[in-house]
Amino acid sequence: MIEIPPPDARALARWFPTGAPGPATIGEHALATGVGRWWADRPVQPRAVAVSCAGHVVLRGSPQRLSPELLAPLAGSRIEAPDRFLPVLGAAFDRLTPWERMVWTLQARPQPATVPHAVTVRRLEPADTGALDALGPDASWLSASWGGPLGLAASGHAWAAVTRAGRILAVACTYFRGTGHEDVAVYTVPDRRRLHLGLACVTALCADVVARGHTPAWTCSLHNRASRLLAWHAGFRLVREYVHHTVGSPVRPARPSALAGGA
């Protein structure tokens with residue numbers, strides 16, 4: 001596929017789901033923040049369009065004239081697409097693995113979460129960029145949808161449990177910001193897990209999201225028990241399930257065999 005300029009809001013609504021929790025927030029987030037890329041099978045009157053952000057892709061349109069070679073730029077992604085795209089996705093990549101996903105929304109009061117006396121749960125600011133970066137590679141995914149640690153720290157959409165020395169122990173953020181829902185993500189450093197720090201950060205973030213007039217949402221794997229438990233304790237309840245697919249490397253077209261020549 002070829003990269004295209006971001007569409008306007010009306011075009012977004014024609015191509016992609018909008019105003020709902022789950023994958024709908026990906027296109028809305030990319031359009032609002034400028035973090036993400038837009039793809040089409042052709043620049044004028046496209047028949048298939050995709051939006052990608054932080055390794056997630058939403059693909060819509062018709063696959064009828066979509067060749068496997070055109071999908072190569074989406075390699076290594078997690079793709080949400082209607083079932084009609086599965087044959088061409090299977091032909092385009094060496095691996096196509098389904099992941100069952102769950103979408104939750106905030107519907108109940110969170111369970112209480114206390115934090116140690118020397119820890120403060122607060123909104124992150126640009127000055128916290130270094131502390132976010134210090135979380136290391138295991139947490140790099142958390143800021144990917146904001147373009148990196150500086151983007152997340154400056155977004156106003158992240159709350160963290162921070163020590164007096166400025167170390168971040170846990171952080172919850174809006175991962176994808178939609179027009180009606182904000183998809184929540186959370187990370188806790190390994191040596192401070194099971195201390196309810198993540199729950200405290202999620203609770204603070206959700207109050208902030210609700211104050212903006214949006215509904216907090218939660219998306220996780222069906223098999224991620226820890227994430228499901230945290231969502232439940234934070235007041236989220238299941239609303240639906242869906243499947244997205246992780247794809248591998250592009251399948252290289254077979255080279256035509258050389259014709260044997262004779263004298």
# chains A, B, ... in the order shown; residues from 1 in each chain; ligands from 1

call {"tool": "residues_around", "arguments": {"residues": "Val115 in chain A", "least_positions_apart": "5", "cutoff": "8 Å", "atoms": "only C-alpha atoms", "output": "tab-separated table (two decimals) with C-alpha atoms, in the first residue's frame"}}
result
chain	number	residue	atom	x	y	z
A	120	THR	CA	2.55	10.49	45.01
A	195	LEU	CA	1.12	-3.20	45.58
A	196	HIS	CA	-1.95	-1.64	43.86
A	197	LEU	CA	0.14	1.15	42.34
A	200	ALA	CA	-4.16	3.82	41.88

call {"tool": "residues_around", "arguments": {"residues": "Ala154 in chain A", "least_positions_apart": "6", "cutoff": "8 Å", "atoms": "only C-alpha atoms", "output": "MDAnalysis selection string"}}
result
chainID A and resid 124:126

call {"tool": "residues_around", "arguments": {"residues": "range 99-112 of chain A", "least_positions_apart": "2", "cutoff": "8 Å", "atoms": "only C-alpha atoms", "output": "VMD selection string"}}
result
chain A and resid 21 to 22 97 114 200 203 215 to 223 231 233 to 246

call {"tool": "write_last_selection", "arguments": {"atoms": "N, CA and C atoms", "output": "PDB file, in the first residue's frame"}}
result
ATOM      1  N   PRO A  21     -15.670   2.150  21.720  1.00  0.00           N
ATOM      2  CA  PRO A  21     -14.437   1.670  22.358  1.00  0.00           C
ATOM      3  C   PRO A  21     -13.757   0.609  21.502  1.00  0.00           C
ATOM      4  N   GLY A  22     -12.502   0.353  21.796  1.00  0.00           N
ATOM      5  CA  GLY A  22     -11.779  -0.671  21.044  1.00  0.00           C
ATOM      6  C   GLY A  22     -11.047  -0.098  19.841  1.00  0.00           C
ATOM      7  N   THR A  97      -1.611 -14.870  12.854  1.00  0.00           N
ATOM      8  CA  THR A  97      -2.002 -15.480  14.115  1.00  0.00           C
ATOM      9  C   THR A  97      -3.167 -14.724  14.737  1.00  0.00           C
ATOM     10  N   THR A 114      -4.480   2.158  48.080  1.00  0.00           N
ATOM     11  CA  THR A 114      -3.612   3.054  48.837  1.00  0.00           C
ATOM     12  C   THR A 114      -2.185   2.928  48.332  1.00  0.00           C
ATOM     13  N   ALA A 200      -4.062   2.424  41.465  1.00  0.00           N
ATOM     14  CA  ALA A 200      -4.160   3.823  41.883  1.00  0.00           C
ATOM     15  C   ALA A 200      -3.985   4.762  40.702  1.00  0.00           C
ATOM     16  N   THR A 203      -7.110   4.546  38.418  1.00  0.00           N
ATOM     17  CA  THR A 203      -8.238   5.251  39.041  1.00  0.00           C
ATOM     18  C   THR A 203      -8.121   6.758  38.847  1.00  0.00           C
ATOM     19  N   THR A 215     -15.493   8.385  28.014  1.00  0.00           N
ATOM     20  CA  THR A 215     -15.652   7.133  28.754  1.00  0.00           C
ATOM     21  C   THR A 215     -14.353   6.346  28.694  1.00  0.00           C
ATOM     22  N   PRO A 216     -13.779   5.972  29.842  1.00  0.00           N
ATOM     23  CA  PRO A 216     -12.587   5.128  29.825  1.00  0.00           C
ATOM     24  C   PRO A 216     -12.903   3.739  29.263  1.00  0.00           C
ATOM     25  N   ALA A 217     -12.003   3.211  28.470  1.00  0.00           N
ATOM     26  CA  ALA A 217     -12.146   1.873  27.896  1.00  0.00           C
ATOM     27  C   ALA A 217     -10.873   1.081  28.152  1.00  0.00           C
ATOM     28  N   TRP A 218     -10.994  -0.216  28.035  1.00  0.00           N
ATOM     29  CA  TRP A 218      -9.868  -1.112  28.320  1.00  0.00           C
ATOM     30  C   TRP A 218      -9.893  -2.220  27.283  1.00  0.00           C
ATOM     31  N   THR A 219      -8.775  -2.475  26.643  1.00  0.00           N
ATOM     32  CA  THR A 219      -8.680  -3.533  25.645  1.00  0.00           C
ATOM     33  C   THR A 219      -7.530  -4.451  26.016  1.00  0.00           C
ATOM     34  N   CYS A 220      -7.785  -5.752  26.076  1.00  0.00           N
ATOM     35  CA  CYS A 220      -6.724  -6.682  26.448  1.00  0.00           C
ATOM     36  C   CYS A 220      -6.981  -8.035  25.813  1.00  0.00           C
ATOM     37  N   SER A 221      -5.962  -8.882  25.865  1.00  0.00           N
ATOM     38  CA  SER A 221      -6.096 -10.247  25.368  1.00  0.00           C
ATOM     39  C   SER A 221      -7.029 -11.052  26.264  1.00  0.00           C
ATOM     40  N   LEU A 222      -7.789 -11.932  25.658  1.00  0.00           N
ATOM     41  CA  LEU A 222      -8.665 -12.825  26.410  1.00  0.00           C
ATOM     42  C   LEU A 222      -7.873 -13.663  27.410  1.00  0.00           C
ATOM     43  N   HIS A 223      -6.607 -13.923  27.100  1.00  0.00           N
ATOM     44  CA  HIS A 223      -5.799 -14.811  27.935  1.00  0.00           C
ATOM     45  C   HIS A 223      -4.916 -14.058  28.929  1.00  0.00           C
ATOM     46  N   ALA A 231      -8.519  -4.649  35.319  1.00  0.00           N
ATOM     47  CA  ALA A 231      -9.661  -3.942  34.737  1.00  0.00           C
ATOM     48  C   ALA A 231     -10.895  -4.060  35.633  1.00  0.00           C
ATOM     49  N   HIS A 233     -11.051  -4.723  38.911  1.00  0.00           N
ATOM     50  CA  HIS A 233     -10.871  -3.994  40.164  1.00  0.00           C
ATOM     51  C   HIS A 233     -10.977  -2.479  39.959  1.00  0.00           C
ATOM     52  N   ALA A 234     -10.634  -2.017  38.760  1.00  0.00           N
ATOM     53  CA  ALA A 234     -10.713  -0.581  38.470  1.00  0.00           C
ATOM     54  C   ALA A 234     -12.123  -0.135  38.081  1.00  0.00           C
ATOM     55  N   GLY A 235     -13.060  -1.074  37.969  1.00  0.00           N
ATOM     56  CA  GLY A 235     -14.444  -0.722  37.660  1.00  0.00           C
ATOM     57  C   GLY A 235     -14.859  -0.946  36.227  1.00  0.00           C
ATOM     58  N   PHE A 236     -14.010  -1.595  35.430  1.00  0.00           N
ATOM     59  CA  PHE A 236     -14.368  -1.866  34.039  1.00  0.00           C
ATOM     60  C   PHE A 236     -15.185  -3.148  33.955  1.00  0.00           C
ATOM     61  N   ARG A 237     -16.096  -3.177  32.973  1.00  0.00           N
ATOM     62  CA  ARG A 237     -16.903  -4.357  32.734  1.00  0.00           C
ATOM     63  C   ARG A 237     -16.916  -4.656  31.235  1.00  0.00           C
ATOM     64  N   LEU A 238     -16.960  -5.940  30.917  1.00  0.00           N
ATOM     65  CA  LEU A 238     -16.860  -6.395  29.530  1.00  0.00           C
ATOM     66  C   LEU A 238     -18.064  -5.950  28.707  1.00  0.00           C
ATOM     67  N   VAL A 239     -17.788  -5.442  27.496  1.00  0.00           N
ATOM     68  CA  VAL A 239     -18.874  -5.061  26.598  1.00  0.00           C
ATOM     69  C   VAL A 239     -18.889  -5.889  25.311  1.00  0.00           C
ATOM     70  N   ARG A 240     -17.726  -6.354  24.849  1.00  0.00           N
ATOM     71  CA  ARG A 240     -17.718  -7.195  23.649  1.00  0.00           C
ATOM     72  C   ARG A 240     -16.342  -7.823  23.465  1.00  0.00           C
ATOM     73  N   GLU A 241     -16.273  -8.754  22.532  1.00  0.00           N
ATOM     74  CA  GLU A 241     -15.014  -9.394  22.169  1.00  0.00           C
ATOM     75  C   GLU A 241     -14.823  -9.294  20.657  1.00  0.00           C
ATOM     76  N   TYR A 242     -13.569  -9.339  20.238  1.00  0.00           N
ATOM     77  CA  TYR A 242     -13.256  -9.329  18.810  1.00  0.00           C
ATOM     78  C   TYR A 242     -11.939 -10.046  18.602  1.00  0.00           C
ATOM     79  N   VAL A 243     -11.520 -10.176  17.351  1.00  0.00           N
ATOM     80  CA  VAL A 243     -10.264 -10.847  17.022  1.00  0.00           C
ATOM     81  C   VAL A 243      -9.435  -9.934  16.141  1.00  0.00           C
ATOM     82  N   HIS A 244      -8.158  -9.757  16.501  1.00  0.00           N
ATOM     83  CA  HIS A 244      -7.237  -9.168  15.546  1.00  0.00           C
ATOM     84  C   HIS A 244      -6.136 -10.182  15.255  1.00  0.00           C
ATOM     85  N   HIS A 245      -5.349  -9.919  14.223  1.00  0.00           N
ATOM     86  CA  HIS A 245      -4.352 -10.882  13.775  1.00  0.00           C
ATOM     87  C   HIS A 245      -2.973 -10.247  13.756  1.00  0.00           C
ATOM     88  N   THR A 246      -2.004 -10.944  14.326  1.00  0.00           N
ATOM     89  CA  THR A 246      -0.616 -10.509  14.180  1.00  0.00           C
ATOM     90  C   THR A 246      -0.065 -11.131  12.904  1.00  0.00           C
TER      91      THR A 246
END

call {"tool": "residues_around", "arguments": {"residues": "range 38-45 of chain A", "least_positions_apart": "6", "cutoff": "8 Å", "atoms": "only C-alpha atoms", "output": "compact mmCIF listing (two decimals) with N, CA and C atoms, in the first residue's frame"}}
result
# COMPACT_ATOMS: atom_id res chain seq x y z
N MET A 1 0.85 -1.18 0.00
CA MET A 1 0.00 0.00 0.00
C MET A 1 0.89 1.23 0.00
N ILE A 2 0.35 2.34 -0.41
CA ILE A 2 1.10 3.58 -0.43
C ILE A 2 0.62 4.50 0.69
N GLU A 3 1.55 5.32 1.20
CA GLU A 3 1.18 6.22 2.28
C GLU A 3 0.43 7.42 1.71
N ILE A 4 -0.64 7.83 2.40
CA ILE A 4 -1.47 8.94 1.96
C ILE A 4 -1.57 9.96 3.09
N PRO A 5 -1.97 11.20 2.79
CA PRO A 5 -2.16 12.19 3.86
C PRO A 5 -3.32 11.81 4.76
N PRO A 6 -3.34 12.28 6.00
CA PRO A 6 -4.47 11.99 6.89
C PRO A 6 -5.78 12.51 6.29
N VAL A 51 -5.11 2.48 8.67
CA VAL A 51 -4.44 3.42 9.56
C VAL A 51 -3.60 2.60 10.53
N SER A 52 -2.36 3.03 10.76
CA SER A 52 -1.47 2.32 11.67
C SER A 52 -0.96 3.27 12.74
N LEU A 66 -6.83 -6.29 -4.01
CA LEU A 66 -5.70 -6.02 -3.14
C LEU A 66 -4.73 -7.20 -3.23
N LEU A 70 0.93 -5.54 -2.07
CA LEU A 70 0.53 -4.21 -1.61
C LEU A 70 0.49 -4.12 -0.08

call {"tool": "atom_distance", "arguments": {"atom1": "CA of Thr25 in chain A", "atom2": "CA of Gly130 in chain A"}}
result
27.8 Å

call {"tool": "residues_around", "arguments": {"residues": "Gly55 in chain A", "least_positions_apart": "6", "cutoff": "8 Å", "atoms": "only C-alpha atoms", "output": "list in words"}}
result
Gly76, Ser77 and Arg78 of chain A

call {"tool": "write_last_selection", "arguments": {"atoms": "N, CA and C atoms", "output": "PDB file, in the first residue's frame"}}
result
ATOM      1  N   GLY A  76       4.518  -7.178  10.447  1.00  0.00           N
ATOM      2  CA  GLY A  76       4.839  -7.074  11.860  1.00  0.00           C
ATOM      3  C   GLY A  76       3.791  -6.378  12.706  1.00  0.00           C
ATOM      4  N   SER A  77       2.618  -6.146  12.159  1.00  0.00           N
ATOM      5  CA  SER A  77       1.575  -5.398  12.861  1.00  0.00           C
ATOM      6  C   SER A  77       0.514  -6.322  13.443  1.00  0.00           C
ATOM      7  N   ARG A  78      -0.354  -5.721  14.253  1.00  0.00           N
ATOM      8  CA  ARG A  78      -1.564  -6.386  14.725  1.00  0.00           C
ATOM      9  C   ARG A  78      -2.723  -5.744  13.991  1.00  0.00           C
TER      10      ARG A  78
END

call {"tool": "atom_distance", "arguments": {"atom1": "CA of Ala118 in chain A", "atom2": "CA of Ala161 in chain A"}}
result
9.9 Å

call {"tool": "residues_around", "arguments": {"residues": "Leu31 in chain A", "least_positions_apart": "3", "cutoff": "9 Å", "atoms": "only C-alpha atoms", "output": "tab-separated table (two decimals) with C-alpha atoms, in the first residue's frame"}}
result
chain	number	residue	atom	x	y	z
A	6	PRO	CA	-4.47	11.99	6.89
A	7	PRO	CA	-8.14	12.20	5.92
A	8	ASP	CA	-10.58	14.74	7.31
A	9	ALA	CA	-13.03	13.69	10.01
A	12	LEU	CA	-12.50	8.95	8.62
A	26	ILE	CA	-7.02	4.05	16.79
A	27	GLY	CA	-8.00	6.10	13.73
A	28	GLU	CA	-9.43	8.88	15.87
A	34	GLY	CA	-0.72	13.21	14.17
A	35	VAL	CA	0.97	10.06	15.52
A	36	GLY	CA	0.28	7.35	12.99

call {"tool": "atom_distance", "arguments": {"atom1": "CA of Pro46 in chain A", "atom2": "CA of Gly19 in chain A"}}
result
23.1 Å

call {"tool": "closest_residue", "arguments": {"among": "A:Arg167, A:Arg193, A:His29, A:Arg60", "to": "Val119 in chain A", "atoms": "only C-alpha atoms"}}
result
A:Arg167

call {"tool": "select_by_dssp", "arguments": {"residues": "range 48-145 of chain A", "states": "strand (DSSP E or B)", "output": "PDB file with N, CA, C and O atoms, in the first residue's frame"}}
result
ATOM      1  N   ALA A  48      -9.186   0.216  -0.686  1.00  0.00           N
ATOM      2  CA  ALA A  48      -8.828  -0.287   0.643  1.00  0.00           C
ATOM      3  C   ALA A  48      -7.966   0.766   1.329  1.00  0.00           C
ATOM      4  O   ALA A  48      -7.074   1.344   0.713  1.00  0.00           O
ATOM      5  N   VAL A  49      -8.247   1.016   2.615  1.00  0.00           N
ATOM      6  CA  VAL A  49      -7.546   2.047   3.383  1.00  0.00           C
ATOM      7  C   VAL A  49      -7.185   1.456   4.748  1.00  0.00           C
ATOM      8  O   VAL A  49      -7.946   0.661   5.314  1.00  0.00           O
ATOM      9  N   ALA A  50      -6.019   1.844   5.264  1.00  0.00           N
ATOM     10  CA  ALA A  50      -5.582   1.386   6.588  1.00  0.00           C
ATOM     11  C   ALA A  50      -4.996   2.551   7.360  1.00  0.00           C
ATOM     12  O   ALA A  50      -4.455   3.493   6.777  1.00  0.00           O
ATOM     13  N   VAL A  51      -5.110   2.481   8.670  1.00  0.00           N
ATOM     14  CA  VAL A  51      -4.436   3.424   9.561  1.00  0.00           C
ATOM     15  C   VAL A  51      -3.600   2.599  10.528  1.00  0.00           C
ATOM     16  O   VAL A  51      -4.050   1.563  11.031  1.00  0.00           O
ATOM     17  N   SER A  52      -2.358   3.035  10.762  1.00  0.00           N
ATOM     18  CA  SER A  52      -1.467   2.317  11.674  1.00  0.00           C
ATOM     19  C   SER A  52      -0.961   3.265  12.742  1.00  0.00           C
ATOM     20  O   SER A  52      -0.664   4.431  12.472  1.00  0.00           O
ATOM     21  N   CYS A  53      -0.851   2.756  13.979  1.00  0.00           N
ATOM     22  CA  CYS A  53      -0.323   3.538  15.098  1.00  0.00           C
ATOM     23  C   CYS A  53       0.152   2.570  16.169  1.00  0.00           C
ATOM     24  O   CYS A  53      -0.600   1.664  16.570  1.00  0.00           O
ATOM     25  N   HIS A  56      -0.443  -1.141  15.799  1.00  0.00           N
ATOM     26  CA  HIS A  56      -1.823  -1.562  15.569  1.00  0.00           C
ATOM     27  C   HIS A  56      -2.300  -1.010  14.231  1.00  0.00           C
ATOM     28  O   HIS A  56      -1.982   0.130  13.865  1.00  0.00           O
ATOM     29  N   VAL A  57      -3.080  -1.802  13.516  1.00  0.00           N
ATOM     30  CA  VAL A  57      -3.593  -1.404  12.206  1.00  0.00           C
ATOM     31  C   VAL A  57      -5.086  -1.700  12.160  1.00  0.00           C
ATOM     32  O   VAL A  57      -5.540  -2.763  12.597  1.00  0.00           O
ATOM     33  N   VAL A  58      -5.846  -0.748  11.616  1.00  0.00           N
ATOM     34  CA  VAL A  58      -7.248  -0.980  11.288  1.00  0.00           C
ATOM     35  C   VAL A  58      -7.355  -0.906   9.766  1.00  0.00           C
ATOM     36  O   VAL A  58      -6.940   0.092   9.160  1.00  0.00           O
ATOM     37  N   LEU A  59      -7.865  -1.954   9.152  1.00  0.00           N
ATOM     38  CA  LEU A  59      -7.929  -2.082   7.692  1.00  0.00           C
ATOM     39  C   LEU A  59      -9.383  -2.204   7.268  1.00  0.00           C
ATOM     40  O   LEU A  59     -10.128  -3.025   7.808  1.00  0.00           O
ATOM     41  N   ARG A  60      -9.782  -1.397   6.313  1.00  0.00           N
ATOM     42  CA  ARG A  60     -11.160  -1.392   5.837  1.00  0.00           C
ATOM     43  C   ARG A  60     -11.215  -1.247   4.319  1.00  0.00           C
ATOM     44  O   ARG A  60     -10.232  -0.879   3.678  1.00  0.00           O
ATOM     45  N   GLY A  61     -12.409  -1.500   3.762  1.00  0.00           N
ATOM     46  CA  GLY A  61     -12.609  -1.370   2.332  1.00  0.00           C
ATOM     47  C   GLY A  61     -12.859  -2.715   1.699  1.00  0.00           C
ATOM     48  O   GLY A  61     -13.430  -3.628   2.312  1.00  0.00           O
ATOM     49  N   ARG A  78      -0.354  -5.721  14.253  1.00  0.00           N
ATOM     50  CA  ARG A  78      -1.564  -6.386  14.725  1.00  0.00           C
ATOM     51  C   ARG A  78      -2.723  -5.744  13.991  1.00  0.00           C
ATOM     52  O   ARG A  78      -3.015  -4.562  14.190  1.00  0.00           O
ATOM     53  N   ILE A  79      -3.351  -6.505  13.131  1.00  0.00           N
ATOM     54  CA  ILE A  79      -4.312  -5.956  12.174  1.00  0.00           C
ATOM     55  C   ILE A  79      -5.727  -6.349  12.559  1.00  0.00           C
ATOM     56  O   ILE A  79      -6.043  -7.535  12.726  1.00  0.00           O
ATOM     57  N   GLU A  80      -6.588  -5.340  12.679  1.00  0.00           N
ATOM     58  CA  GLU A  80      -8.023  -5.570  12.878  1.00  0.00           C
ATOM     59  C   GLU A  80      -8.703  -5.291  11.553  1.00  0.00           C
ATOM     60  O   GLU A  80      -8.606  -4.190  11.009  1.00  0.00           O
ATOM     61  N   PHE A  93       1.584 -12.684   4.124  1.00  0.00           N
ATOM     62  CA  PHE A  93       2.569 -12.779   5.202  1.00  0.00           C
ATOM     63  C   PHE A  93       2.848 -14.238   5.550  1.00  0.00           C
ATOM     64  O   PHE A  93       1.990 -15.112   5.378  1.00  0.00           O
ATOM     65  N   LEU A  96       0.106 -15.563  10.196  1.00  0.00           N
ATOM     66  CA  LEU A  96      -1.156 -14.864  10.458  1.00  0.00           C
ATOM     67  C   LEU A  96      -1.773 -15.525  11.686  1.00  0.00           C
ATOM     68  O   LEU A  96      -2.364 -16.595  11.604  1.00  0.00           O
ATOM     69  N   THR A  97      -1.611 -14.870  12.854  1.00  0.00           N
ATOM     70  CA  THR A  97      -2.002 -15.480  14.115  1.00  0.00           C
ATOM     71  C   THR A  97      -3.167 -14.724  14.737  1.00  0.00           C
ATOM     72  O   THR A  97      -3.054 -13.526  15.018  1.00  0.00           O
ATOM     73  N   PRO A  98      -4.302 -15.380  14.967  1.00  0.00           N
ATOM     74  CA  PRO A  98      -5.444 -14.693  15.583  1.00  0.00           C
ATOM     75  C   PRO A  98      -5.231 -14.483  17.075  1.00  0.00           C
ATOM     76  O   PRO A  98      -4.700 -15.354  17.773  1.00  0.00           O
ATOM     77  N   TRP A  99      -5.648 -13.316  17.566  1.00  0.00           N
ATOM     78  CA  TRP A  99      -5.623 -12.995  18.988  1.00  0.00           C
ATOM     79  C   TRP A  99      -7.045 -12.613  19.393  1.00  0.00           C
ATOM     80  O   TRP A  99      -7.605 -11.660  18.856  1.00  0.00           O
ATOM     81  N   GLU A 100      -7.588 -13.333  20.344  1.00  0.00           N
ATOM     82  CA  GLU A 100      -8.912 -12.994  20.858  1.00  0.00           C
ATOM     83  C   GLU A 100      -8.778 -11.843  21.847  1.00  0.00           C
ATOM     84  O   GLU A 100      -7.965 -11.899  22.770  1.00  0.00           O
ATOM     85  N   ARG A 101      -9.565 -10.819  21.648  1.00  0.00           N
ATOM     86  CA  ARG A 101      -9.443  -9.597  22.439  1.00  0.00           C
ATOM     87  C   ARG A 101     -10.760  -9.289  23.145  1.00  0.00           C
ATOM     88  O   ARG A 101     -11.843  -9.695  22.707  1.00  0.00           O
ATOM     89  N   MET A 102     -10.657  -8.527  24.239  1.00  0.00           N
ATOM     90  CA  MET A 102     -11.818  -8.124  25.022  1.00  0.00           C
ATOM     91  C   MET A 102     -11.845  -6.602  25.141  1.00  0.00           C
ATOM     92  O   MET A 102     -10.795  -5.979  25.318  1.00  0.00           O
ATOM     93  N   VAL A 103     -13.018  -6.025  25.027  1.00  0.00           N
ATOM     94  CA  VAL A 103     -13.210  -4.586  25.185  1.00  0.00           C
ATOM     95  C   VAL A 103     -14.083  -4.348  26.407  1.00  0.00           C
ATOM     96  O   VAL A 103     -15.177  -4.911  26.521  1.00  0.00           O
ATOM     97  N   TRP A 104     -13.589  -3.521  27.315  1.00  0.00           N
ATOM     98  CA  TRP A 104     -14.284  -3.184  28.550  1.00  0.00           C
ATOM     99  C   TRP A 104     -14.514  -1.673  28.592  1.00  0.00           C
ATOM    100  O   TRP A 104     -13.760  -0.908  27.993  1.00  0.00           O
ATOM    101  N   THR A 105     -15.540  -1.260  29.320  1.00  0.00           N
ATOM    102  CA  THR A 105     -15.725   0.160  29.606  1.00  0.00           C
ATOM    103  C   THR A 105     -15.954   0.349  31.103  1.00  0.00           C
ATOM    104  O   THR A 105     -16.381  -0.571  31.805  1.00  0.00           O
ATOM    105  N   LEU A 106     -15.663   1.547  31.577  1.00  0.00           N
ATOM    106  CA  LEU A 106     -15.817   1.845  32.996  1.00  0.00           C
ATOM    107  C   LEU A 106     -17.307   1.916  33.333  1.00  0.00           C
ATOM    108  O   LEU A 106     -18.031   2.736  32.790  1.00  0.00           O
ATOM    109  N   VAL A 119       5.119   8.004  48.188  1.00  0.00           N
ATOM    110  CA  VAL A 119       4.770   7.936  46.765  1.00  0.00           C
ATOM    111  C   VAL A 119       3.574   8.838  46.505  1.00  0.00           C
ATOM    112  O   VAL A 119       2.615   8.862  47.271  1.00  0.00           O
ATOM    113  N   THR A 120       3.642   9.587  45.407  1.00  0.00           N
ATOM    114  CA  THR A 120       2.552  10.487  45.007  1.00  0.00           C
ATOM    115  C   THR A 120       2.016  10.062  43.647  1.00  0.00           C
ATOM    116  O   THR A 120       2.788   9.793  42.724  1.00  0.00           O
ATOM    117  N   VAL A 121       0.694   9.993  43.525  1.00  0.00           N
ATOM    118  CA  VAL A 121       0.060   9.737  42.230  1.00  0.00           C
ATOM    119  C   VAL A 121      -0.335  11.083  41.636  1.00  0.00           C
ATOM    120  O   VAL A 121      -1.133  11.818  42.230  1.00  0.00           O
ATOM    121  N   ARG A 122       0.242  11.419  40.501  1.00  0.00           N
ATOM    122  CA  ARG A 122       0.015  12.738  39.900  1.00  0.00           C
ATOM    123  C   ARG A 122       0.097  12.652  38.380  1.00  0.00           C
ATOM    124  O   ARG A 122       0.582  11.659  37.822  1.00  0.00           O
ATOM    125  N   ARG A 123      -0.366  13.728  37.748  1.00  0.00           N
ATOM    126  CA  ARG A 123      -0.271  13.823  36.297  1.00  0.00           C
ATOM    127  C   ARG A 123       1.192  14.046  35.897  1.00  0.00           C
ATOM    128  O   ARG A 123       1.918  14.826  36.527  1.00  0.00           O
TER     129      ARG A 123
END

call {"tool": "select_by_dssp", "arguments": {"residues": "range 59-167 of chain A", "states": "helix (DSSP H, G or I)", "output": "PyMOL selection string"}}
result
chain A and resi 68-74+83-92+126-133+137-144+149-153

call {"tool": "write_last_selection", "arguments": {"atoms": "C-alpha atoms", "output": "PDB file, in the first residue's frame"}}
result
ATOM      1  CA  PRO A  68      -0.414  -9.577  -1.304  1.00  0.00           C
ATOM      2  CA  GLU A  69       2.492  -7.382  -2.399  1.00  0.00           C
ATOM      3  CA  LEU A  70       0.531  -4.215  -1.612  1.00  0.00           C
ATOM      4  CA  LEU A  71       0.181  -5.234   2.047  1.00  0.00           C
ATOM      5  CA  ALA A  72       3.942  -5.500   2.673  1.00  0.00           C
ATOM      6  CA  PRO A  73       4.169  -2.136   4.575  1.00  0.00           C
ATOM      7  CA  LEU A  74       1.878  -3.603   7.267  1.00  0.00           C
ATOM      8  CA  ASP A  83     -13.019 -11.536   7.764  1.00  0.00           C
ATOM      9  CA  ARG A  84     -13.136 -10.821   4.041  1.00  0.00           C
ATOM     10  CA  PHE A  85      -9.503  -9.673   4.265  1.00  0.00           C
ATOM     11  CA  LEU A  86      -8.197 -12.914   5.805  1.00  0.00           C
ATOM     12  CA  PRO A  87      -7.410 -14.744   2.529  1.00  0.00           C
ATOM     13  CA  VAL A  88      -5.251 -11.935   1.163  1.00  0.00           C
ATOM     14  CA  LEU A  89      -3.604 -11.364   4.564  1.00  0.00           C
ATOM     15  CA  GLY A  90      -2.795 -15.072   4.734  1.00  0.00           C
ATOM     16  CA  ALA A  91      -1.244 -14.913   1.271  1.00  0.00           C
ATOM     17  CA  ALA A  92       0.706 -11.732   2.035  1.00  0.00           C
ATOM     18  CA  PRO A 126       7.309  17.276  30.257  1.00  0.00           C
ATOM     19  CA  ALA A 127       9.906  17.357  33.044  1.00  0.00           C
ATOM     20  CA  ASP A 128       9.118  13.678  33.682  1.00  0.00           C
ATOM     21  CA  THR A 129      10.362  12.617  30.235  1.00  0.00           C
ATOM     22  CA  GLY A 130      13.656  11.306  31.608  1.00  0.00           C
ATOM     23  CA  ALA A 131      11.885   9.252  34.275  1.00  0.00           C
ATOM     24  CA  LEU A 132       9.628   7.708  31.635  1.00  0.00           C
ATOM     25  CA  ASP A 133      12.619   6.892  29.459  1.00  0.00           C
ATOM     26  CA  PRO A 137      12.752  -1.079  26.725  1.00  0.00           C
ATOM     27  CA  ASP A 138      10.100  -3.197  28.455  1.00  0.00           C
ATOM     28  CA  ALA A 139       7.927  -0.089  28.867  1.00  0.00           C
ATOM     29  CA  SER A 140       8.701   1.564  25.521  1.00  0.00           C
ATOM     30  CA  TRP A 141       5.388   0.352  24.083  1.00  0.00           C
ATOM     31  CA  LEU A 142       3.527   2.558  26.566  1.00  0.00           C
ATOM     32  CA  SER A 143       4.571   5.821  24.900  1.00  0.00           C
ATOM     33  CA  ALA A 144       4.607   4.547  21.311  1.00  0.00           C
ATOM     34  CA  PRO A 149       8.389   9.469  26.176  1.00  0.00           C
ATOM     35  CA  LEU A 150       8.337  13.224  25.560  1.00  0.00           C
ATOM     36  CA  GLY A 151       5.060  13.004  23.682  1.00  0.00           C
ATOM     37  CA  LEU A 152       3.446  11.001  26.462  1.00  0.00           C
ATOM     38  CA  ALA A 153       4.837  13.161  29.280  1.00  0.00           C
TER      39      ALA A 153
END
